[in-house]
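Down below is the structure, laid out as structure tokens.
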Amino acid sequence: MMQKGEIKKLKDISFKIMIDVLNMTTEAGSGHPGGSLSSKDIVAVLFFNIMKHNPSNPQWEERDRLILSKGHAAPVLYAALAEAGYIEKSELKKLRKFGSILQGHPEWNPGLMIEATTGSLGNGLAIGNGIAIAGKLDNRNYSVYVLMGDGELQEETVWEAAMFASHNKLDNVIAIVDRNGLQQTGATEQTVSIEPLSDKWKSFGWEVLEVDGHDICKLAKAFEKAKNITGKPKAIIAHTTKGKGSVIGEWVAEFHGKPMSKEELEKVLPMLYEQHRREMNDL
């Protein structure tokens with residue numbers, strides 16, 4: 001059972017990640033805030049409660065790996081890496097700038113614990129499979145987490161990788177689906193339906209867990225349960241809200257790839273800080 005202090009800490013980290021995502025995308029004038037914010041609680045729990053990693057030794061062989069398959073959500077990864085101490089906070093202001101180490105999609109950088117170059121949707125699970133097999137061959141005790149978007153599951157390569165992971169019993173692979181229901185062109189179910197999603201993963205031989213993707217305690221419990229399941233890969237379907245916490249961007253498909261203007265952000269930030277203050281006091 002997660003303690004109250006730990007819940008409060010993780011909620012505070014998630015809030016800081018959200019603020020950094022909004023600031024950096026608005027500063028850049030481009031980027032993908034919607035899918036970054038839908039996955040902010042997932043990433044916060046992974047980095048600060050579940051995953052083994054060491055900022056003073058980013059290439060520690062026993063570290064758990066996170067593959068951001070939905071590479072357009074790079075801002076949430078960069079914000080988490082900065083919060084964990086892998087990146088200077090000042091670097092976040094250089095998002096998408098010429099010569100910056102933080103481009104619009106992640107570029108492999110082992111010194112920053114960026115495990116793969118991603119952005120071409122559908123490839124992250126296959127990359128994760130390869131890293132998972134390497135871990136088994138080297139007798140390493142690490143888990144590979146692959147964070148995917150729900151629209152990404154319309155890519156056929158995802159299901160090829162799903163078959164491969166099941167066939168090879170890659171129980172060190174944990175796929176997370178950010179099930180926010182929206183993609184750039186609108187609702188996933190109107191674009192290309194992916195339901196029944198849980199049954200699909202199960203039919204490919206995966207253990208499936210479903211969870212509220214913004215409930216810190218339930219997320220942590222699902223990750224712990226998944227780690228303890230052996231003999232098969234695991235998929236966690238996290239039901240989330242596009243643009244979670246941003247007020248004007250929640251459930252807005254356009255927010256997928258369009259940041260707030262500076263004027264909009266100036267209006268929203270005081271509201272966000274006040275709401276966060278009340279939530280912290282209520283815990």
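Ordering of the structure tokens sets the chain letters (A, B, ...), residue numbers begin anew at 1 in every chain, and ligands are numbered from 1 in the order given.
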Close residues, stretch 157-164 of chain A itself excluded, 12 Å, only C-alpha atoms, min 4 positions apart in chain, as a PyMOL selection string: chain A and resi 69-70+120-130+132-133+146-153+168-171+173-175+177+194+197+200-207+232-235
Contacts of A:Lys9 at 12 Å (only C-alpha atoms; same-chain gap of 3+ positions) as a PyMOL selection string: chain A and resi 2-6+12-16+41+44-45+48-49+216-217+280+283
Residues just named, written with N, CA and C atoms as a PDB file, in the first residue's frame:
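Output file selection06.pdb is given in full below:
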```pdb
ATOM      1  N   MET A   2       0.662   2.119  -0.962  1.00  0.00           N
ATOM      2  CA  MET A   2       1.473   3.320  -1.064  1.00  0.00           C
ATOM      3  C   MET A   2       1.107   4.299   0.053  1.00  0.00           C
ATOM      4  N   GLN A   3       2.131   4.867   0.671  1.00  0.00           N
ATOM      5  CA  GLN A   3       1.920   5.792   1.767  1.00  0.00           C
ATOM      6  C   GLN A   3       1.496   7.166   1.249  1.00  0.00           C
ATOM      7  N   LYS A   4       0.818   7.914   2.122  1.00  0.00           N
ATOM      8  CA  LYS A   4       0.297   9.228   1.753  1.00  0.00           C
ATOM      9  C   LYS A   4       1.413  10.156   1.263  1.00  0.00           C
ATOM     10  N   GLY A   5       2.540  10.127   1.963  1.00  0.00           N
ATOM     11  CA  GLY A   5       3.655  10.992   1.575  1.00  0.00           C
ATOM     12  C   GLY A   5       4.181  10.670   0.190  1.00  0.00           C
ATOM     13  N   GLU A   6       4.196   9.390  -0.158  1.00  0.00           N
ATOM     14  CA  GLU A   6       4.686   8.982  -1.470  1.00  0.00           C
ATOM     15  C   GLU A   6       3.709   9.388  -2.570  1.00  0.00           C
ATOM     16  N   ASP A  12       3.096  15.641  -7.017  1.00  0.00           N
ATOM     17  CA  ASP A  12       3.841  16.881  -7.178  1.00  0.00           C
ATOM     18  C   ASP A  12       4.796  16.787  -8.366  1.00  0.00           C
ATOM     19  N   ILE A  13       5.445  15.640  -8.511  1.00  0.00           N
ATOM     20  CA  ILE A  13       6.347  15.433  -9.652  1.00  0.00           C
ATOM     21  C   ILE A  13       5.567  15.479 -10.959  1.00  0.00           C
ATOM     22  N   SER A  14       4.414  14.832 -10.988  1.00  0.00           N
ATOM     23  CA  SER A  14       3.578  14.845 -12.188  1.00  0.00           C
ATOM     24  C   SER A  14       3.185  16.270 -12.547  1.00  0.00           C
ATOM     25  N   PHE A  15       2.866  17.068 -11.529  1.00  0.00           N
ATOM     26  CA  PHE A  15       2.512  18.470 -11.781  1.00  0.00           C
ATOM     27  C   PHE A  15       3.696  19.242 -12.368  1.00  0.00           C
ATOM     28  N   LYS A  16       4.876  19.031 -11.809  1.00  0.00           N
ATOM     29  CA  LYS A  16       6.066  19.719 -12.319  1.00  0.00           C
ATOM     30  C   LYS A  16       6.349  19.314 -13.768  1.00  0.00           C
ATOM     31  N   ASP A  41       1.332  11.050 -15.758  1.00  0.00           N
ATOM     32  CA  ASP A  41       1.259  10.268 -14.514  1.00  0.00           C
ATOM     33  C   ASP A  41       1.914   8.899 -14.691  1.00  0.00           C
ATOM     34  N   ALA A  44       5.632   9.617 -14.543  1.00  0.00           N
ATOM     35  CA  ALA A  44       6.034   9.970 -13.182  1.00  0.00           C
ATOM     36  C   ALA A  44       6.155   8.725 -12.298  1.00  0.00           C
ATOM     37  N   VAL A  45       5.170   7.846 -12.380  1.00  0.00           N
ATOM     38  CA  VAL A  45       5.199   6.624 -11.567  1.00  0.00           C
ATOM     39  C   VAL A  45       6.352   5.717 -11.996  1.00  0.00           C
ATOM     40  N   PHE A  48       9.845   7.490 -10.934  1.00  0.00           N
ATOM     41  CA  PHE A  48      10.074   7.852  -9.540  1.00  0.00           C
ATOM     42  C   PHE A  48       9.482   6.867  -8.535  1.00  0.00           C
ATOM     43  N   ASN A  49       8.977   5.721  -9.052  1.00  0.00           N
ATOM     44  CA  ASN A  49       8.468   4.711  -8.129  1.00  0.00           C
ATOM     45  C   ASN A  49       8.782   3.287  -8.570  1.00  0.00           C
ATOM     46  N   ILE A 216      -2.434   7.487  -9.368  1.00  0.00           N
ATOM     47  CA  ILE A 216      -1.063   7.145  -8.989  1.00  0.00           C
ATOM     48  C   ILE A 216      -0.986   5.769  -8.316  1.00  0.00           C
ATOM     49  N   CYS A 217      -1.870   5.527  -7.363  1.00  0.00           N
ATOM     50  CA  CYS A 217      -1.840   4.267  -6.613  1.00  0.00           C
ATOM     51  C   CYS A 217      -2.153   3.071  -7.504  1.00  0.00           C
ATOM     52  N   MET A 280      -2.913  19.414  -3.131  1.00  0.00           N
ATOM     53  CA  MET A 280      -1.887  19.025  -2.167  1.00  0.00           C
ATOM     54  C   MET A 280      -2.389  19.192  -0.729  1.00  0.00           C
ATOM     55  N   LEU A 283      -4.716  16.303   0.388  1.00  0.00           N
ATOM     56  CA  LEU A 283      -4.149  14.949   0.563  1.00  0.00           C
ATOM     57  C   LEU A 283      -3.825  14.665   2.029  1.00  0.00           C
TER      58      LEU A 283
END
```
Pick from A:Ser90, A:Asn141, A:Asn180, A:Gln275 nearest to A:His256, counting only C-alpha atoms: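 Using only C-alpha atoms, the shortest distance to A:His256 belongs to A:Asn180.
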Filtered DSSP result for stretch 22-253 of chain A, state strand (DSSP E or B), as a PyMOL selection string: chain A and resi 65-68+109+114+144-149+173-179+182-183+186-187+207-212+234-239
Could you make a table, as CSV, of the residues of stretch 118-216 of chain A that have an atom within 10 Å of an atom of stretch 24-34 of chain A, each with its nearest atom pair and distance in Å to one decimal, counting only C-alpha atoms, in chain and number order?
```
residue,atom,partner,partner_atom,distance
A:Asn180,CA,A:Gly34,CA,9.5
A:Leu182,CA,A:Gly34,CA,9.2
A:Gln183,CA,A:Gly34,CA,9.3
A:Gln184,CA,A:Gly34,CA,9.6
```
Best match for closeness to A:Met18 among A:Leu46, A:Leu209, A:Ile87, A:Leu272, counting only C-alpha atoms: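 Using only C-alpha atoms, A:Met18 sits closest to A:Leu272.
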Length of the atom CA of A:Ser143 to atom CA of A:Asn172 vector [Å]: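 Distance reported for this atom pair: 4.7 Å.
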Coordinates-based distance that separates atom CA of A:Arg65 from atom CA of A:Trp108 (Å, one decimal):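 Value for the atom CA of A:Trp108-atom CA of A:Arg65 distance: 12.4 Å.
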Who sits within 9 Å of A:Glu115, only C-alpha atoms, same chain under 5 positions skipped, as a list in words: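 Once the nearby chain positions are removed, what remains is Arg65, Leu66, Ile67, Leu68, Pro106, Glu107, Trp108, Asn109 and Pro110 of chain A.
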Write out the residues from the selection above, keeping C-alpha atoms, as a PDB file, in the first residue's frame.
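As a result, out.pdb now contains:
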```pdb
ATOM      1  CA  ARG A  65      14.644   0.635 -19.896  1.00  0.00           C
ATOM      2  CA  LEU A  66      11.868   2.932 -21.096  1.00  0.00           C
ATOM      3  CA  ILE A  67      11.206   3.090 -24.833  1.00  0.00           C
ATOM      4  CA  LEU A  68       9.020   6.053 -25.763  1.00  0.00           C
ATOM      5  CA  PRO A 106      13.897  11.432 -29.020  1.00  0.00           C
ATOM      6  CA  GLU A 107      17.338  10.645 -30.404  1.00  0.00           C
ATOM      7  CA  TRP A 108      19.275   7.741 -28.876  1.00  0.00           C
ATOM      8  CA  ASN A 109      21.562   9.151 -26.178  1.00  0.00           C
ATOM      9  CA  PRO A 110      22.777   6.655 -23.563  1.00  0.00           C
TER      10      PRO A 110
END
```
Contacts of A:Pro58 at 10 Å (only C-alpha atoms; same-chain gap of 5+ positions) as a list in words: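 Final neighbour list, sorted by chain and number: His53, Arg63, Tyr86, Asn109, Pro110, Gly111, Leu112, Met113 and Ile114 of chain A.
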A:His105, A:Gly245, A:Lys52, A:Gly213 ranked by distance to A:Leu269, top pick (using only C-alpha atoms):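 Comparing A:His105, A:Gly245, A:Lys52, A:Gly213 against A:Leu269, the winner is A:Gly245.
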Straight-line distance linking atom CA of A:Ile17 with atom CA of A:Asn228, stated in Å to one decimal: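 Distance between the two atoms: 28.3 Å.
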Counting only C-alpha atoms, the residue of A:Ala80, A:Leu102, A:Ala238, A:Ala253 that sits nearest A:Asp212: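 Of all the options, A:Ala238 lies closest to A:Asp212.
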Top pick for closest residue to A:Ile236, considering A:Leu219, A:Ala187, A:Ala79, A:Ile176 and counting only C-alpha atoms: A:Ile176
Selected residue of minimal separation from A:Lys94 among A:Asp282, A:Tyr78, A:Gly135, A:His276, counting only C-alpha atoms: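 Under the stated criterion, the closest residue is A:Tyr78.
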